[in-house]
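J.: See final-v3.cif below, with mmCIF, C-alpha atoms (C1' of nucleotides).
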```
data_final
#
loop_
_atom_site.group_PDB
_atom_site.id
_atom_site.type_symbol
_atom_site.label_atom_id
_atom_site.label_comp_id
_atom_site.auth_asym_id
_atom_site.auth_seq_id
_atom_site.Cartn_x
_atom_site.Cartn_y
_atom_site.Cartn_z
ATOM 1 C CA MET Y 415 0.000 0.000 0.000
ATOM 2 C CA ASN Y 416 0.683 3.251 0.358
ATOM 3 C CA SER Y 417 3.380 2.679 2.617
ATOM 4 C CA LYS Y 418 5.659 4.873 1.000
ATOM 5 C CA PRO Y 419 8.682 4.669 3.110
ATOM 6 C CA LYS Y 420 10.078 7.654 1.440
ATOM 7 C CA GLN Y 421 12.197 8.036 4.459
ATOM 8 C CA ASN Y 422 15.184 9.449 3.176
ATOM 9 C CA ASN Y 423 17.639 7.485 4.948
ATOM 10 C CA HIS Y 424 19.935 9.910 3.413
ATOM 11 C CA LEU Y 425 22.883 8.483 5.211
ATOM 12 C CA THR Y 426 25.485 10.621 3.615
ATOM 13 C CA PHE Y 427 29.089 9.649 3.418
ATOM 14 C CA ASN Y 428 29.460 11.801 6.353
ATOM 15 C CA GLU Y 429 27.472 9.473 8.597
ATOM 16 C CA HIS Y 430 29.281 6.438 7.290
ATOM 17 C CA CYS Y 431 32.605 8.029 7.922
ATOM 18 C CA TYR Y 432 31.616 8.741 11.492
ATOM 19 C CA GLU Y 433 30.741 5.117 12.024
ATOM 20 C CA LEU Y 434 34.189 4.122 10.930
ATOM 21 C CA LEU Y 435 35.849 6.802 12.940
ATOM 22 C CA LEU Y 436 34.074 5.557 16.010
ATOM 23 C CA LYS Y 437 35.590 2.170 15.338
ATOM 24 C CA ILE Y 438 39.054 3.539 15.587
ATOM 25 C CA PRO Y 439 40.574 2.609 18.930
ATOM 26 C CA LYS Y 440 42.373 5.192 20.935
ATOM 27 C CA GLY Y 441 45.994 5.680 20.126
ATOM 28 C CA ARG Y 442 45.408 4.768 16.502
ATOM 29 C CA VAL Y 443 44.909 6.803 13.383
ATOM 30 C CA THR Y 444 43.539 6.120 9.964
ATOM 31 C CA THR Y 445 43.739 7.657 6.543
ATOM 32 C CA TYR Y 446 41.125 9.163 4.313
ATOM 33 C CA LYS Y 447 41.822 6.500 1.794
ATOM 34 C CA ALA Y 448 41.244 3.723 4.293
ATOM 35 C CA ILE Y 449 37.856 5.160 5.092
ATOM 36 C CA ALA Y 450 36.935 5.483 1.461
ATOM 37 C CA GLN Y 451 38.083 1.943 0.829
ATOM 38 C CA ALA Y 452 36.065 0.717 3.770
ATOM 39 C CA LEU Y 453 33.070 2.268 2.076
ATOM 40 C CA ASN Y 454 34.016 0.661 -1.190
ATOM 41 C CA CYS Y 455 34.600 4.052 -2.643
ATOM 42 C CA LYS Y 456 37.412 6.325 -3.524
ATOM 43 C CA ALA Y 457 35.993 9.530 -2.319
ATOM 44 C CA TYR Y 458 39.117 10.422 -0.452
ATOM 45 C CA GLN Y 459 38.297 14.021 -0.690
ATOM 46 C CA ALA Y 460 34.633 13.447 -0.074
ATOM 47 C CA VAL Y 461 35.593 11.979 3.285
ATOM 48 C CA GLY Y 462 37.636 15.023 4.119
ATOM 49 C CA ASN Y 463 34.780 17.170 2.976
ATOM 50 C CA ALA Y 464 32.472 15.409 5.374
ATOM 51 C CA MET Y 465 34.780 16.321 8.220
ATOM 52 C CA ASN Y 466 35.096 19.816 7.003
ATOM 53 C CA GLN Y 467 31.430 20.323 7.673
ATOM 54 C CA ASN Y 468 32.080 18.729 10.984
ATOM 55 C CA PRO Y 469 28.467 18.447 12.134
ATOM 56 C CA ASN Y 470 29.541 16.757 15.362
ATOM 57 C CA PRO Y 471 33.168 17.382 16.111
ATOM 58 C CA ILE Y 472 32.689 15.996 19.573
ATOM 59 C CA SER Y 473 30.834 12.834 18.763
ATOM 60 C CA VAL Y 474 33.422 11.893 16.229
ATOM 61 C CA PRO Y 475 37.166 11.750 16.679
ATOM 62 C CA CYS Y 476 37.910 13.354 13.378
ATOM 63 C CA HIS Y 477 41.332 14.172 14.716
ATOM 64 C CA ARG Y 478 42.347 10.559 14.235
ATOM 65 C CA VAL Y 479 42.302 10.914 10.505
ATOM 66 C CA VAL Y 480 45.493 11.753 8.673
ATOM 67 C CA ASN Y 481 46.845 11.587 5.175
ATOM 68 C CA THR Y 482 48.307 8.494 3.598
ATOM 69 C CA ASP Y 483 51.763 9.930 3.986
ATOM 70 C CA GLY Y 484 51.232 10.055 7.712
ATOM 71 C CA ARG Y 485 50.978 13.830 7.550
ATOM 72 C CA LEU Y 486 48.290 15.696 9.392
ATOM 73 C CA GLY Y 487 45.948 16.952 6.786
ATOM 74 C CA GLY Y 488 44.183 19.677 8.693
ATOM 75 C CA TYR Y 489 41.590 20.323 11.285
ATOM 76 C CA ALA Y 490 38.527 22.461 11.571
ATOM 77 C CA PHE Y 491 39.812 23.629 14.930
ATOM 78 C CA GLY Y 492 43.354 24.049 13.707
ATOM 79 C CA SER Y 493 46.141 21.652 12.917
ATOM 80 C CA ASP Y 494 47.794 22.520 16.210
ATOM 81 C CA ARG Y 495 44.726 21.307 18.044
ATOM 82 C CA LYS Y 496 44.873 18.053 16.120
ATOM 83 C CA ILE Y 497 48.496 17.486 16.993
ATOM 84 C CA GLU Y 498 47.789 18.126 20.626
ATOM 85 C CA LEU Y 499 44.911 15.665 20.648
ATOM 86 C CA LEU Y 500 46.915 12.979 18.893
ATOM 87 C CA THR Y 501 49.817 13.525 21.208
ATOM 88 C CA GLU Y 502 47.509 13.160 24.153
ATOM 89 C CA GLU Y 503 46.294 9.915 22.692
ATOM 90 C CA GLY Y 504 49.815 8.628 22.762
ATOM 91 C CA ILE Y 505 50.616 9.229 19.143
ATOM 92 C CA VAL Y 506 53.962 10.740 18.352
ATOM 93 C CA VAL Y 507 53.621 13.684 16.057
ATOM 94 C CA GLN Y 508 56.644 15.558 14.871
ATOM 95 C CA ASP Y 509 57.052 18.170 12.201
ATOM 96 C CA GLY Y 510 53.349 17.828 11.558
ATOM 97 C CA LYS Y 511 53.809 14.175 10.740
ATOM 98 C CA VAL Y 512 52.859 11.031 12.590
ATOM 99 C CA GLN Y 513 55.806 8.951 13.665
ATOM 100 C CA ASN Y 514 55.416 5.205 13.619
ATOM 101 C CA PHE Y 515 52.531 5.977 11.358
ATOM 102 C CA LYS Y 516 52.373 2.379 10.213
ATOM 103 C CA THR Y 517 52.304 1.328 13.817
ATOM 104 C CA VAL Y 518 49.411 3.495 14.838
ATOM 105 C CA PHE Y 519 47.662 3.094 11.551
ATOM 106 C CA PHE Y 520 44.330 1.343 11.919
ATOM 107 C CA ASP Y 521 43.031 -0.597 8.977
ATOM 108 C CA PHE Y 522 39.293 -1.226 8.720
ATOM 109 C CA THR Y 523 39.852 -4.188 6.471
ATOM 110 C CA GLU Y 524 41.678 -5.925 9.242
ATOM 111 C "C1'" DG O 1298 20.977 20.195 -13.791
ATOM 112 C "C1'" DG O 1299 25.455 22.237 -13.577
ATOM 113 C "C1'" DA O 1300 29.510 24.706 -11.590
ATOM 114 C "C1'" DA O 1301 32.442 25.162 -7.755
ATOM 115 C "C1'" DT O 1302 34.647 23.456 -3.658
ATOM 116 C "C1'" DG O 1303 37.681 20.521 -0.552
ATOM 117 C "C1'" DA O 1304 40.752 18.312 6.321
ATOM 118 C "C1'" DC O 1305 42.994 13.947 -0.528
ATOM 119 C "C1'" DA O 1306 45.696 10.637 -3.687
ATOM 120 C "C1'" DT O 1307 48.625 9.650 -7.304
ATOM 121 C "C1'" DT O 1308 51.972 10.517 -10.957
ATOM 122 C "C1'" DT O 1309 55.508 13.007 -13.275
ATOM 123 C "C1'" DA O 1310 59.232 16.436 -13.634
ATOM 124 C "C1'" DC C 1032 63.301 13.864 -1.861
ATOM 125 C "C1'" DT C 1033 60.487 18.124 -3.032
ATOM 126 C "C1'" DA C 1034 57.378 20.500 -5.940
ATOM 127 C "C1'" DA C 1035 53.834 20.885 -9.285
ATOM 128 C "C1'" DA C 1036 50.032 19.215 -11.976
ATOM 129 C "C1'" DT C 1037 46.071 16.179 -12.632
ATOM 130 C "C1'" DG C 1038 42.367 13.166 -11.260
ATOM 131 C "C1'" DC C 1039 38.486 11.596 -8.240
ATOM 132 C "C1'" DC C 1040 34.472 11.566 -5.634
ATOM 133 C "C1'" DA C 1041 30.661 13.506 -2.986
ATOM 134 C "C1'" DT C 1042 28.533 17.585 -1.133
ATOM 135 C "C1'" DT C 1043 26.958 22.333 -1.510
ATOM 136 C "C1'" DC C 1044 25.528 26.733 -3.843
#
```
Would you encode the structure as structure tokens?

T.:
Amino acid sequence: MNSKPKQNNHLTFNEHCYELLLKIPKGRVTTYKAIAQALNCKAYQAVGNAMNQNPNPISVPCHRVVNTDGRLGGYAFGSDRKIELLTEEGIVVQDGKVQNFKTVFFDFTE
DNA sequence: GGAATGACATTTA
DNA sequence: CTAAATGCCATTC
């Protein structure tokens, strides 16, 4: 019948990215690419865009996301803030880059 | 419906 | 290795 579930589940990439981010354990970081791959997509930039809007910067640890090179992409609150947060998590950040990146890197496919 | 944007990635010079 | 240019995808105006 008329059950028109026109419920726009409009789960945007944004929401999906948050789900993955929430799966990241403390002291670990991930890359935009890993998130996109986890979604079976290559919207590397789309993922970053989702964070840029940052609808809930507190419900989601967007500061655990870095570039594939282990470099800190950026942060809506400021890259400095991101470094501080990561450092507090136990991640070593130097020269704006994550040390032992491969060690703290969290892969969703794992 | 299309143009513009962006917290990227990849390749080449 | 660093720098520049190009490509990609989704969201927003």

J.: When you draw a straight line from CA of Val480 in chain Y to C1' of DC1044 in chain C, how long is it in Å?

T.: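 One can read the CA of Val480 in chain Y to C1' of DC1044 in chain C distance as 27.9 Å.
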
J.: Please expand the PyMOL selection byres ((chain O) within 12 of (chain Y)) into the concrete residues it hits in this file, giving the result as a list in words.

T.: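 Listing what the PyMOL selection byres ((chain O) within 12 of (chain Y)) selects in the shown file: DT1302, DG1303, DA1304, DC1305, DA1306 and DT1307 of chain O.
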
J.: I'd like the interatomic distance between CA of Val518 in chain Y and CA of Gly441 in chain Y, to a tenth of an Å.

T.: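 Computing the Euclidean distance for CA of Val518 in chain Y and CA of Gly441 in chain Y yields 6.7 Å.
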
J.: For chain C versus chain Y, which residues have an atom no more than 9 Å away, and what is each residue's nearest atom pair and distance in Å rounded to one decimal, using only C-alpha atoms (C1' of nucleotides), chain-then-number order, as a tab-separated table?

T.:
```
residue	atom	partner	partner_atom	distance
C:DC1039	C1'	Y:Ala457	CA	6.7
C:DC1040	C1'	Y:Ala457	CA	4.2
C:DA1041	C1'	Y:Ala460	CA	4.9
C:DT1042	C1'	Y:Ala460	CA	7.4
```

J.: When you draw a straight line from CA of Thr444 in chain Y to CA of Glu524 in chain Y, how long is it in Å?

T.: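 Between these atoms lies a distance of 12.2 Å.
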
J.: Using only C-alpha atoms for the distances, tell me which of Y:Arg485, Y:His430, Y:Arg442, Y:Lys437 is nearest to Asn454 in chain Y.

T.: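 That would be Y:His430, the residue with the smallest distance to Asn454 in chain Y.
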
J.: Can you pull out every residue within 12 Å of Asp509 in chain Y, counting only C-alpha atoms (C1' of nucleotides), but drop anything in the same chain fewer than 2 positions away, and send it as a list of chain:residue names?

T.: Y:Gly484, Y:Arg485, Y:Leu486, Y:Ser493, Y:Asp494, Y:Ile497, Y:Val506, Y:Val507, Y:Lys511, Y:Val512, Y:Gln513

J.: Please list as a list of chain:residue names every residue within 12 Å of DT1308 in chain O, counting all atoms listed in the file and excluding residues in the same chain fewer than 2 positions away.

T.: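 Final neighbour list, sorted by chain and number: O:DA1306, O:DA1310, C:DA1035, C:DA1036, C:DT1037, C:DG1038.
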